[in-house]
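Source file: coords-v7.txt; contents: compact mmCIF, C-alpha atoms.
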# COMPACT_ATOMS: atom_id res chain seq x y z
CA MET A 264 0.66 72.95 -106.77
CA GLU A 265 1.72 71.15 -103.61
CA SER A 266 -0.25 67.98 -102.98
CA THR A 267 -2.08 67.44 -99.71
CA ALA A 268 0.29 64.55 -98.92
CA SER A 269 3.27 66.87 -99.28
CA ARG A 270 2.04 69.22 -96.60
CA TRP A 271 4.11 68.05 -93.66
CA GLU A 272 2.19 70.28 -91.24
CA PRO A 273 -1.30 68.78 -91.63
CA GLU A 274 -4.40 70.77 -90.83
CA ASP A 275 -6.70 67.88 -89.97
CA ASP A 276 -6.77 64.13 -89.50
CA ASP A 277 -7.28 63.32 -93.17
CA GLU A 278 -4.23 65.37 -94.15
CA TYR A 279 -2.26 63.76 -91.35
CA GLU A 280 -3.11 60.24 -92.49
CA SER A 281 -2.11 61.13 -96.05
CA ALA A 282 1.16 62.74 -94.99
CA ASN A 283 1.92 59.87 -92.62
CA ALA A 284 1.38 57.31 -95.38
CA GLU A 285 3.56 59.21 -97.86
CA LEU A 286 6.42 59.66 -95.41
CA LYS A 287 6.39 55.97 -94.51
CA GLU A 288 6.28 55.01 -98.19
CA ARG A 289 9.27 57.23 -98.92
CA PHE A 290 11.04 55.85 -95.86
CA ALA A 291 10.47 52.28 -97.06
CA THR A 292 11.96 53.13 -100.46
CA TRP A 293 14.98 54.76 -98.83
CA VAL A 294 15.53 51.79 -96.50
CA ALA A 295 15.42 49.39 -99.46
CA ASN A 296 17.87 51.51 -101.46
CA GLU A 297 20.24 51.74 -98.50
CA GLY A 298 19.95 48.03 -97.71
CA LEU A 299 19.16 48.72 -94.06
CA SER A 300 17.67 46.21 -91.65
CA VAL A 301 15.14 48.46 -89.96
CA GLY A 302 11.39 48.03 -89.71
CA LEU A 303 9.53 49.84 -92.48
CA ASP A 304 7.00 51.09 -89.93
CA ALA A 305 9.75 52.68 -87.82
CA PRO A 306 8.50 56.30 -88.22
CA GLU A 307 5.02 55.47 -86.91
CA GLY A 308 5.52 56.30 -83.23
CA LEU A 309 7.49 59.49 -83.85
CA LEU A 310 4.95 60.73 -86.38
CA HIS A 311 1.94 59.99 -84.18
CA TYR A 312 3.41 61.75 -81.17
CA LYS A 313 4.71 64.73 -83.14
CA TRP A 314 1.24 65.16 -84.63
CA GLY A 315 -0.86 64.47 -81.56
CA TYR A 316 1.23 65.97 -78.77
CA VAL A 317 3.92 68.35 -79.94
CA ASP A 318 3.59 70.93 -82.75
CA GLY A 319 2.08 68.83 -85.53
CA HIS A 320 4.93 69.44 -88.00
CA LEU A 321 6.09 66.02 -89.14
CA THR A 322 9.46 66.92 -90.66
CA ARG A 323 10.60 69.72 -88.37
CA TRP A 324 12.65 68.26 -85.54
CA ARG A 325 14.61 69.89 -82.75
CA ARG A 326 16.31 68.48 -79.69
CA ARG A 327 13.44 69.59 -77.48
CA ASP A 328 11.02 67.61 -79.68
CA LEU A 329 13.08 64.46 -79.23
CA ASP A 330 13.15 65.11 -75.48
CA GLU A 331 9.39 65.49 -75.29
CA VAL A 332 8.64 62.42 -77.38
CA LEU A 333 11.29 60.04 -76.07
CA LEU A 334 11.82 61.25 -72.51
CA GLU A 335 8.25 62.23 -71.60
CA LEU A 336 5.65 60.72 -73.88
CA TYR A 337 7.14 57.29 -74.53
CA PRO A 338 7.73 56.63 -70.80
CA ALA A 339 4.21 57.85 -70.01
CA LYS A 340 2.34 56.16 -72.80
CA VAL A 341 4.14 53.44 -74.73
CA MET A 342 4.60 49.86 -73.59
CA VAL A 343 7.98 48.68 -74.87
CA GLY A 344 9.89 45.69 -73.57
CA PRO A 345 13.39 46.33 -72.16
CA ASP A 346 14.83 44.29 -75.02
CA GLU A 347 13.26 46.70 -77.53
CA LEU A 348 14.73 49.94 -76.24
CA ASP A 349 17.76 49.71 -78.51
CA GLU A 350 15.38 49.22 -81.43
CA VAL A 351 13.35 52.33 -80.54
CA LEU A 352 16.45 54.53 -80.58
CA ALA A 353 17.77 52.89 -83.76
CA GLU A 354 14.45 53.58 -85.48
CA ALA A 355 14.54 57.22 -84.41
CA ARG A 356 18.09 57.51 -85.73
CA ALA A 357 17.08 55.91 -89.04
CA PHE A 358 14.09 58.22 -89.46
CA LEU A 359 16.09 61.40 -88.84
CA THR A 360 18.83 60.17 -91.16
CA PHE A 361 16.21 59.49 -93.82
CA LEU A 362 14.74 63.00 -93.51
CA ALA A 363 18.17 64.56 -93.91
CA ALA A 364 19.30 62.28 -96.74
CA THR A 365 16.15 62.92 -98.78
CA ASP A 366 16.05 66.70 -98.15
CA LEU A 367 12.81 66.33 -96.19
CA LEU A 368 14.19 67.64 -92.90
CA ASP A 369 12.53 71.04 -92.56
CA GLU A 370 14.82 74.05 -92.83
CA ASP A 371 13.75 75.18 -89.35
CA SER A 372 15.00 71.95 -87.83
CA GLU A 373 18.28 71.69 -86.01
CA PRO A 374 21.07 70.12 -88.11
CA ALA A 375 20.83 66.36 -88.56
CA ASP A 376 24.18 65.70 -86.90
CA VAL A 377 23.07 67.69 -83.85
CA LEU A 378 19.87 65.64 -83.62
CA LEU A 379 21.68 62.32 -84.05
CA ASP A 380 24.28 63.26 -81.44
CA HIS A 381 21.43 64.19 -79.10
CA LEU A 382 19.89 60.74 -79.44
CA GLY A 383 23.15 59.34 -78.14
CA ALA A 384 23.24 61.89 -75.33
CA ILE A 385 19.76 61.01 -74.04
CA ASP A 386 20.20 57.23 -74.32
CA GLY A 387 20.70 56.75 -70.58
CA ARG A 388 17.84 59.03 -69.55
CA PHE A 389 15.53 57.35 -72.06
CA ARG A 390 16.18 53.95 -70.50
CA GLU A 391 15.80 55.29 -66.96
CA ASN A 392 12.54 57.07 -67.77
CA MET A 393 11.08 54.04 -69.53
CA ALA A 394 11.71 52.00 -66.37
CA ASP A 395 10.29 54.67 -64.02
CA SER A 396 6.72 53.62 -63.19
CA SER A 397 6.02 57.02 -61.59
CA ARG A 398 5.96 58.41 -65.14
CA PHE A 399 3.30 55.98 -66.37
CA SER A 400 -0.08 57.36 -67.44
CA PHE A 401 -3.41 55.94 -66.25
CA GLY A 402 -3.66 53.64 -69.25
CA LYS A 403 -0.10 52.41 -69.09
CA ARG A 404 -0.44 51.62 -65.38
CA LEU A 405 -3.56 49.60 -66.03
CA TRP A 406 -2.16 47.64 -68.97
CA THR A 407 1.19 47.08 -67.33
CA ASN A 408 -0.76 45.38 -64.58
CA ALA A 409 -2.67 43.37 -67.20
CA ALA A 410 0.53 42.36 -68.99
CA ALA A 411 2.01 41.19 -65.69
CA GLY A 412 -0.90 38.76 -65.55
CA GLY A 413 -0.25 37.49 -69.06
CA VAL A 414 -3.00 39.51 -70.77
CA ARG A 415 -2.28 40.53 -74.37
CA PRO A 416 -4.01 43.65 -75.78
CA ASP A 417 -4.78 41.77 -79.02
CA ASP A 418 -6.77 39.09 -77.16
CA PRO A 419 -10.30 40.56 -76.70
CA GLY A 420 -11.47 37.72 -74.49
CA ALA A 421 -8.53 38.04 -72.13
CA VAL A 422 -8.89 41.83 -72.05
CA GLU A 423 -12.60 41.59 -71.24
CA ALA A 424 -11.94 39.08 -68.46
CA PHE A 425 -9.15 41.23 -67.03
CA MET A 426 -11.36 44.33 -66.98
CA ALA A 427 -14.13 42.40 -65.24
CA ARG A 428 -11.68 41.21 -62.58
CA PHE A 429 -10.18 44.67 -62.22
CA ASN A 430 -13.55 46.38 -61.83
CA ALA A 431 -14.55 43.80 -59.21
CA ARG A 432 -11.58 44.69 -57.00
CA PRO A 433 -12.08 46.92 -53.96
CA ARG A 434 -11.72 50.62 -54.71
CA ALA A 435 -8.53 50.87 -52.68
CA GLU A 436 -6.84 48.15 -54.75
CA ARG A 437 -7.84 49.80 -58.04
CA ASP A 438 -6.65 53.20 -56.82
CA ALA A 439 -3.32 51.70 -55.76
CA ILE A 440 -2.74 50.49 -59.33
CA LEU A 441 -3.90 53.67 -61.04
CA ALA A 442 -2.49 56.25 -58.63
CA GLY A 443 -0.11 58.83 -60.01
CA GLY A 444 0.51 59.21 -63.72
CA LEU A 445 2.06 61.63 -66.11
CA ARG A 446 3.50 64.53 -64.13
CA SER A 447 2.34 67.18 -66.56
CA GLY A 448 -1.26 65.96 -66.57
CA ASN A 449 -3.38 64.09 -69.08
CA ARG A 450 -2.62 64.56 -72.76
CA PRO A 451 -4.56 63.44 -75.85
CA GLN A 452 -4.41 59.74 -76.57
CA VAL A 453 -2.68 58.49 -79.72
CA TRP A 454 -1.12 55.21 -80.75
CA GLY A 455 2.58 54.56 -80.86
CA ARG A 456 4.31 51.18 -80.59
CA PHE A 457 1.61 50.10 -78.20
CA THR A 458 -0.11 52.95 -76.44
CA PRO A 459 -2.70 51.58 -74.04
CA PRO A 460 -6.10 53.29 -73.90
CA GLY A 461 -7.33 55.04 -70.79
CA THR A 462 -6.20 58.68 -70.78
CA LEU A 463 -8.73 61.37 -71.55
CA PRO A 464 -7.86 63.99 -74.19
CA ARG A 465 -6.55 67.44 -73.29
CA PRO A 466 -5.18 69.64 -76.08
CA SER A 467 -1.62 70.84 -75.60
CA SER A 468 -0.83 74.55 -75.59
CA GLY A 469 0.07 76.30 -78.82
CA LYS A 470 -1.20 75.74 -82.34
CA ARG A 471 -3.58 72.81 -82.56
CA ARG A 472 -5.35 71.08 -85.39
CA LYS A 473 -8.75 69.42 -85.61
CA ARG A 474 -8.59 66.45 -83.30
CA ARG A 475 -9.98 62.96 -83.49
CA GLY A 476 -13.30 62.63 -81.78

Representation of the structure as structure tokens:
Amino acid sequence: MESTASRWEPEDDDEYESANAELKERFATWVANEGLSVGLDAPEGLLHYKWGYVDGHLTRWRRRDLDEVLLELYPAKVMVGPDELDEVLAEARAFLTFLAATDLLDEDSEPADVLLDHLGAIDGRFRENMADSSRFSFGKRLWTNAAAGGVRPDDPGAVEAFMARFNARPRAERDAILAGGLRSGNRPQVWGRFTPPGTLPRPSSGKRRKRRG
């Protein structure tokens, strides 16, 4: 009987957490066996966004999935320094290679070589979109402004002080910072490399699972 952790299309959050943990454990073993210098947590962002925003199937990947995650969701949601963009694409390449090499890439996926070639093809657009502030969500706009002032998200005191200063600003100044956002509207909030809070949930179209509260 197939274990819950082996169900790569989870039905709820508990199944997702179990599947996520198993995939990352298998990835870590594969990385060690291959002698690769890639972070063992590399699949985290791709898995979170596939689960929370796309179709929820963690091992079924097509070019359109990569486009949605890397060209839409990462630019809108994830704060990544310019010097880390190469790393993001390398991690995606490693994860897809892992799925193919371990026979975990779902049979309804596009071929691994097609997916890997596509990562190369979208490299330029990925970098352009990540630098395009008009694509930033509410939360990313706010925390980009905080980061510009030296505020780190893992420093509660600094975050609290920043929010107090921000809320004390005139309405027009706050609106100028938060104006715009993700072109396709608000989507449910999940965590990737660093996904700042601040965007209200809205389920995507198509098959959905039980969502976090």

(request) May I ask which of the residues A:Ala295, A:Val341, A:Leu303, A:Leu329 is the closest one to Phe399 (chain A), counting all atoms listed in the file? (result) A:Val341

(message) Neighbouring residues of Trp314 (chain A) were defined as those with any atom within 9 Å, considering all atoms listed in the file; residues of the same chain fewer than 6 positions away were excluded. Please report them as a ChimeraX atom specification.
(response) /A:272-273,279,320-321,472

(message) So, with only C-alpha atoms as the atoms that count, which of A:Ala364, A:Leu333, A:Val351, A:Ala305 lies closest to Asn283 (chain A)?
(response) A:Ala305

(request) For Thr322 (chain A), please output as an MDAnalysis selection string all residues within 9 Å (counting all atoms listed in the file; exclusion window: fewer than 2 positions along the same chain). (result) chainID A and resid 271:272 310 320 324 359 362 367:369 372

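In terms of minimum interatomic distance to Trp293 (chain A), A:Thr365 ranks closest within A:Val317, A:Glu335, A:Thr365, A:Asn392, counting all atoms listed in the file.
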
(request) For the point (13.0, 72.1, -83.7) in the file's frame, write as a list of chain:residue names all residues with an atom no more than 7 Å away, counting all atoms listed in the file. (result) A:Arg323, A:Trp324, A:Arg325, A:Arg326, A:Arg327, A:Asp328, A:Asp371, A:Ser372, A:Glu373

(message) Calculated over all atoms listed in the file, which of the candidates A:Met393, A:Ala435, A:Ala282, A:Ala427 has the smallest distance to Val343 (chain A)?
(response) A:Met393

Mind writing region 398-433 of chain A to a file for me, with N, CA, C and O atoms, as a PDB file, in the first residue's frame?
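decode_8.pdb was written with the following content:
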ATOM      1  N   ARG A 398       5.920  44.198 -10.595  1.00  0.00           N
ATOM      2  CA  ARG A 398       5.419  42.842 -10.378  1.00  0.00           C
ATOM      3  C   ARG A 398       5.326  42.482  -8.899  1.00  0.00           C
ATOM      4  O   ARG A 398       4.804  41.418  -8.565  1.00  0.00           O
ATOM      5  N   PHE A 399       5.833  43.322  -8.027  1.00  0.00           N
ATOM      6  CA  PHE A 399       5.887  42.997  -6.606  1.00  0.00           C
ATOM      7  C   PHE A 399       4.483  42.984  -6.001  1.00  0.00           C
ATOM      8  O   PHE A 399       3.659  43.854  -6.293  1.00  0.00           O
ATOM      9  N   SER A 400       4.231  42.033  -5.110  1.00  0.00           N
ATOM     10  CA  SER A 400       2.994  41.980  -4.359  1.00  0.00           C
ATOM     11  C   SER A 400       3.019  43.023  -3.245  1.00  0.00           C
ATOM     12  O   SER A 400       4.047  43.658  -2.965  1.00  0.00           O
ATOM     13  N   PHE A 401       1.888  43.178  -2.573  1.00  0.00           N
ATOM     14  CA  PHE A 401       1.762  44.079  -1.423  1.00  0.00           C
ATOM     15  C   PHE A 401       2.873  43.821  -0.417  1.00  0.00           C
ATOM     16  O   PHE A 401       3.589  44.730   0.012  1.00  0.00           O
ATOM     17  N   GLY A 402       3.012  42.550  -0.011  1.00  0.00           N
ATOM     18  CA  GLY A 402       3.996  42.217   1.013  1.00  0.00           C
ATOM     19  C   GLY A 402       5.419  42.471   0.564  1.00  0.00           C
ATOM     20  O   GLY A 402       6.243  42.975   1.332  1.00  0.00           O
ATOM     21  N   LYS A 403       5.723  42.124  -0.668  1.00  0.00           N
ATOM     22  CA  LYS A 403       7.090  42.320  -1.145  1.00  0.00           C
ATOM     23  C   LYS A 403       7.420  43.797  -1.266  1.00  0.00           C
ATOM     24  O   LYS A 403       8.557  44.216  -0.987  1.00  0.00           O
ATOM     25  N   ARG A 404       6.447  44.623  -1.656  1.00  0.00           N
ATOM     26  CA  ARG A 404       6.687  46.060  -1.714  1.00  0.00           C
ATOM     27  C   ARG A 404       7.015  46.609  -0.326  1.00  0.00           C
ATOM     28  O   ARG A 404       7.941  47.397  -0.147  1.00  0.00           O
ATOM     29  N   LEU A 405       6.228  46.170   0.647  1.00  0.00           N
ATOM     30  CA  LEU A 405       6.435  46.657   2.009  1.00  0.00           C
ATOM     31  C   LEU A 405       7.803  46.264   2.537  1.00  0.00           C
ATOM     32  O   LEU A 405       8.560  47.076   3.059  1.00  0.00           O
ATOM     33  N   TRP A 406       8.163  44.976   2.361  1.00  0.00           N
ATOM     34  CA  TRP A 406       9.410  44.499   2.953  1.00  0.00           C
ATOM     35  C   TRP A 406      10.640  44.861   2.135  1.00  0.00           C
ATOM     36  O   TRP A 406      11.745  44.914   2.671  1.00  0.00           O
ATOM     37  N   THR A 407      10.446  45.171   0.863  1.00  0.00           N
ATOM     38  CA  THR A 407      11.550  45.731   0.102  1.00  0.00           C
ATOM     39  C   THR A 407      11.890  47.113   0.645  1.00  0.00           C
ATOM     40  O   THR A 407      13.061  47.482   0.770  1.00  0.00           O
ATOM     41  N   ASN A 408      10.846  47.859   0.991  1.00  0.00           N
ATOM     42  CA  ASN A 408      11.054  49.168   1.599  1.00  0.00           C
ATOM     43  C   ASN A 408      11.743  49.033   2.950  1.00  0.00           C
ATOM     44  O   ASN A 408      12.654  49.798   3.289  1.00  0.00           O
ATOM     45  N   ALA A 409      11.335  48.014   3.729  1.00  0.00           N
ATOM     46  CA  ALA A 409      11.963  47.778   5.032  1.00  0.00           C
ATOM     47  C   ALA A 409      13.423  47.399   4.870  1.00  0.00           C
ATOM     48  O   ALA A 409      14.301  47.911   5.579  1.00  0.00           O
ATOM     49  N   ALA A 410      13.702  46.507   3.917  1.00  0.00           N
ATOM     50  CA  ALA A 410      15.078  46.065   3.697  1.00  0.00           C
ATOM     51  C   ALA A 410      15.967  47.223   3.272  1.00  0.00           C
ATOM     52  O   ALA A 410      17.151  47.277   3.646  1.00  0.00           O
ATOM     53  N   ALA A 411      15.392  48.155   2.491  1.00  0.00           N
ATOM     54  CA  ALA A 411      16.169  49.315   2.061  1.00  0.00           C
ATOM     55  C   ALA A 411      16.605  50.161   3.244  1.00  0.00           C
ATOM     56  O   ALA A 411      17.608  50.875   3.186  1.00  0.00           O
ATOM     57  N   GLY A 412      15.848  50.049   4.348  1.00  0.00           N
ATOM     58  CA  GLY A 412      16.196  50.767   5.567  1.00  0.00           C
ATOM     59  C   GLY A 412      17.008  49.934   6.535  1.00  0.00           C
ATOM     60  O   GLY A 412      17.194  50.333   7.697  1.00  0.00           O
ATOM     61  N   GLY A 413      17.470  48.765   6.091  1.00  0.00           N
ATOM     62  CA  GLY A 413      18.313  47.925   6.923  1.00  0.00           C
ATOM     63  C   GLY A 413      17.569  47.004   7.868  1.00  0.00           C
ATOM     64  O   GLY A 413      18.168  46.410   8.767  1.00  0.00           O
ATOM     65  N   VAL A 414      16.253  46.842   7.671  1.00  0.00           N
ATOM     66  CA  VAL A 414      15.452  45.996   8.556  1.00  0.00           C
ATOM     67  C   VAL A 414      15.499  44.552   8.072  1.00  0.00           C
ATOM     68  O   VAL A 414      15.222  44.268   6.905  1.00  0.00           O
ATOM     69  N   ARG A 415      15.852  43.638   8.985  1.00  0.00           N
ATOM     70  CA  ARG A 415      15.891  42.214   8.666  1.00  0.00           C
ATOM     71  C   ARG A 415      14.621  41.548   9.180  1.00  0.00           C
ATOM     72  O   ARG A 415      14.177  41.840  10.295  1.00  0.00           O
ATOM     73  N   PRO A 416      14.012  40.646   8.391  1.00  0.00           N
ATOM     74  CA  PRO A 416      12.763  40.000   8.817  1.00  0.00           C
ATOM     75  C   PRO A 416      12.930  39.101  10.036  1.00  0.00           C
ATOM     76  O   PRO A 416      11.942  38.769  10.694  1.00  0.00           O
ATOM     77  N   ASP A 417      14.177  38.695  10.344  1.00  0.00           N
ATOM     78  CA  ASP A 417      14.403  37.836  11.509  1.00  0.00           C
ATOM     79  C   ASP A 417      14.761  38.641  12.760  1.00  0.00           C
ATOM     80  O   ASP A 417      15.197  38.067  13.753  1.00  0.00           O
ATOM     81  N   ASP A 418      14.560  39.955  12.710  1.00  0.00           N
ATOM     82  CA  ASP A 418      14.816  40.829  13.860  1.00  0.00           C
ATOM     83  C   ASP A 418      13.477  41.416  14.307  1.00  0.00           C
ATOM     84  O   ASP A 418      13.044  42.462  13.794  1.00  0.00           O
ATOM     85  N   PRO A 419      12.776  40.761  15.262  1.00  0.00           N
ATOM     86  CA  PRO A 419      11.430  41.204  15.657  1.00  0.00           C
ATOM     87  C   PRO A 419      11.381  42.658  16.111  1.00  0.00           C
ATOM     88  O   PRO A 419      10.430  43.383  15.796  1.00  0.00           O
ATOM     89  N   GLY A 420      12.391  43.082  16.852  1.00  0.00           N
ATOM     90  CA  GLY A 420      12.395  44.453  17.333  1.00  0.00           C
ATOM     91  C   GLY A 420      12.453  45.453  16.193  1.00  0.00           C
ATOM     92  O   GLY A 420      11.723  46.454  16.186  1.00  0.00           O
ATOM     93  N   ALA A 421      13.323  45.176  15.230  1.00  0.00           N
ATOM     94  CA  ALA A 421      13.456  46.076  14.087  1.00  0.00           C
ATOM     95  C   ALA A 421      12.192  46.071  13.235  1.00  0.00           C
ATOM     96  O   ALA A 421      11.768  47.120  12.730  1.00  0.00           O
ATOM     97  N   VAL A 422      11.578  44.896  13.087  1.00  0.00           N
ATOM     98  CA  VAL A 422      10.339  44.797  12.315  1.00  0.00           C
ATOM     99  C   VAL A 422       9.225  45.593  12.996  1.00  0.00           C
ATOM    100  O   VAL A 422       8.488  46.343  12.345  1.00  0.00           O
ATOM    101  N   GLU A 423       9.108  45.438  14.309  1.00  0.00           N
ATOM    102  CA  GLU A 423       8.070  46.155  15.048  1.00  0.00           C
ATOM    103  C   GLU A 423       8.255  47.665  14.935  1.00  0.00           C
ATOM    104  O   GLU A 423       7.291  48.416  14.723  1.00  0.00           O
ATOM    105  N   ALA A 424       9.502  48.110  15.048  1.00  0.00           N
ATOM    106  CA  ALA A 424       9.785  49.541  14.940  1.00  0.00           C
ATOM    107  C   ALA A 424       9.485  50.053  13.533  1.00  0.00           C
ATOM    108  O   ALA A 424       8.934  51.152  13.357  1.00  0.00           O
ATOM    109  N   PHE A 425       9.848  49.261  12.527  1.00  0.00           N
ATOM    110  CA  PHE A 425       9.565  49.655  11.151  1.00  0.00           C
ATOM    111  C   PHE A 425       8.071  49.791  10.919  1.00  0.00           C
ATOM    112  O   PHE A 425       7.607  50.770  10.307  1.00  0.00           O
ATOM    113  N   MET A 426       7.283  48.807  11.396  1.00  0.00           N
ATOM    114  CA  MET A 426       5.850  48.858  11.189  1.00  0.00           C
ATOM    115  C   MET A 426       5.236  50.064  11.884  1.00  0.00           C
ATOM    116  O   MET A 426       4.309  50.707  11.356  1.00  0.00           O
ATOM    117  N   ALA A 427       5.744  50.393  13.071  1.00  0.00           N
ATOM    118  CA  ALA A 427       5.234  51.568  13.781  1.00  0.00           C
ATOM    119  C   ALA A 427       5.514  52.841  12.987  1.00  0.00           C
ATOM    120  O   ALA A 427       4.647  53.714  12.845  1.00  0.00           O
ATOM    121  N   ARG A 428       6.737  52.928  12.434  1.00  0.00           N
ATOM    122  CA  ARG A 428       7.079  54.103  11.620  1.00  0.00           C
ATOM    123  C   ARG A 428       6.240  54.153  10.356  1.00  0.00           C
ATOM    124  O   ARG A 428       5.765  55.209   9.947  1.00  0.00           O
ATOM    125  N   PHE A 429       6.064  52.982   9.739  1.00  0.00           N
ATOM    126  CA  PHE A 429       5.296  52.927   8.490  1.00  0.00           C
ATOM    127  C   PHE A 429       3.850  53.355   8.729  1.00  0.00           C
ATOM    128  O   PHE A 429       3.290  54.151   7.971  1.00  0.00           O
ATOM    129  N   ASN A 430       3.235  52.822   9.776  1.00  0.00           N
ATOM    130  CA  ASN A 430       1.841  53.135  10.059  1.00  0.00           C
ATOM    131  C   ASN A 430       1.640  54.592  10.460  1.00  0.00           C
ATOM    132  O   ASN A 430       0.530  55.130  10.339  1.00  0.00           O
ATOM    133  N   ALA A 431       2.713  55.235  10.938  1.00  0.00           N
ATOM    134  CA  ALA A 431       2.623  56.638  11.328  1.00  0.00           C
ATOM    135  C   ALA A 431       2.762  57.593  10.133  1.00  0.00           C
ATOM    136  O   ALA A 431       2.519  58.793  10.270  1.00  0.00           O
ATOM    137  N   ARG A 432       3.148  57.062   8.983  1.00  0.00           N
ATOM    138  CA  ARG A 432       3.306  57.913   7.809  1.00  0.00           C
ATOM    139  C   ARG A 432       1.946  58.384   7.305  1.00  0.00           C
ATOM    140  O   ARG A 432       0.927  57.725   7.518  1.00  0.00           O
ATOM    141  N   PRO A 433       1.916  59.502   6.604  1.00  0.00           N
ATOM    142  CA  PRO A 433       0.661  59.940   5.976  1.00  0.00           C
ATOM    143  C   PRO A 433       0.150  58.877   5.009  1.00  0.00           C
ATOM    144  O   PRO A 433       0.925  58.129   4.418  1.00  0.00           O
TER     145      PRO A 433
END
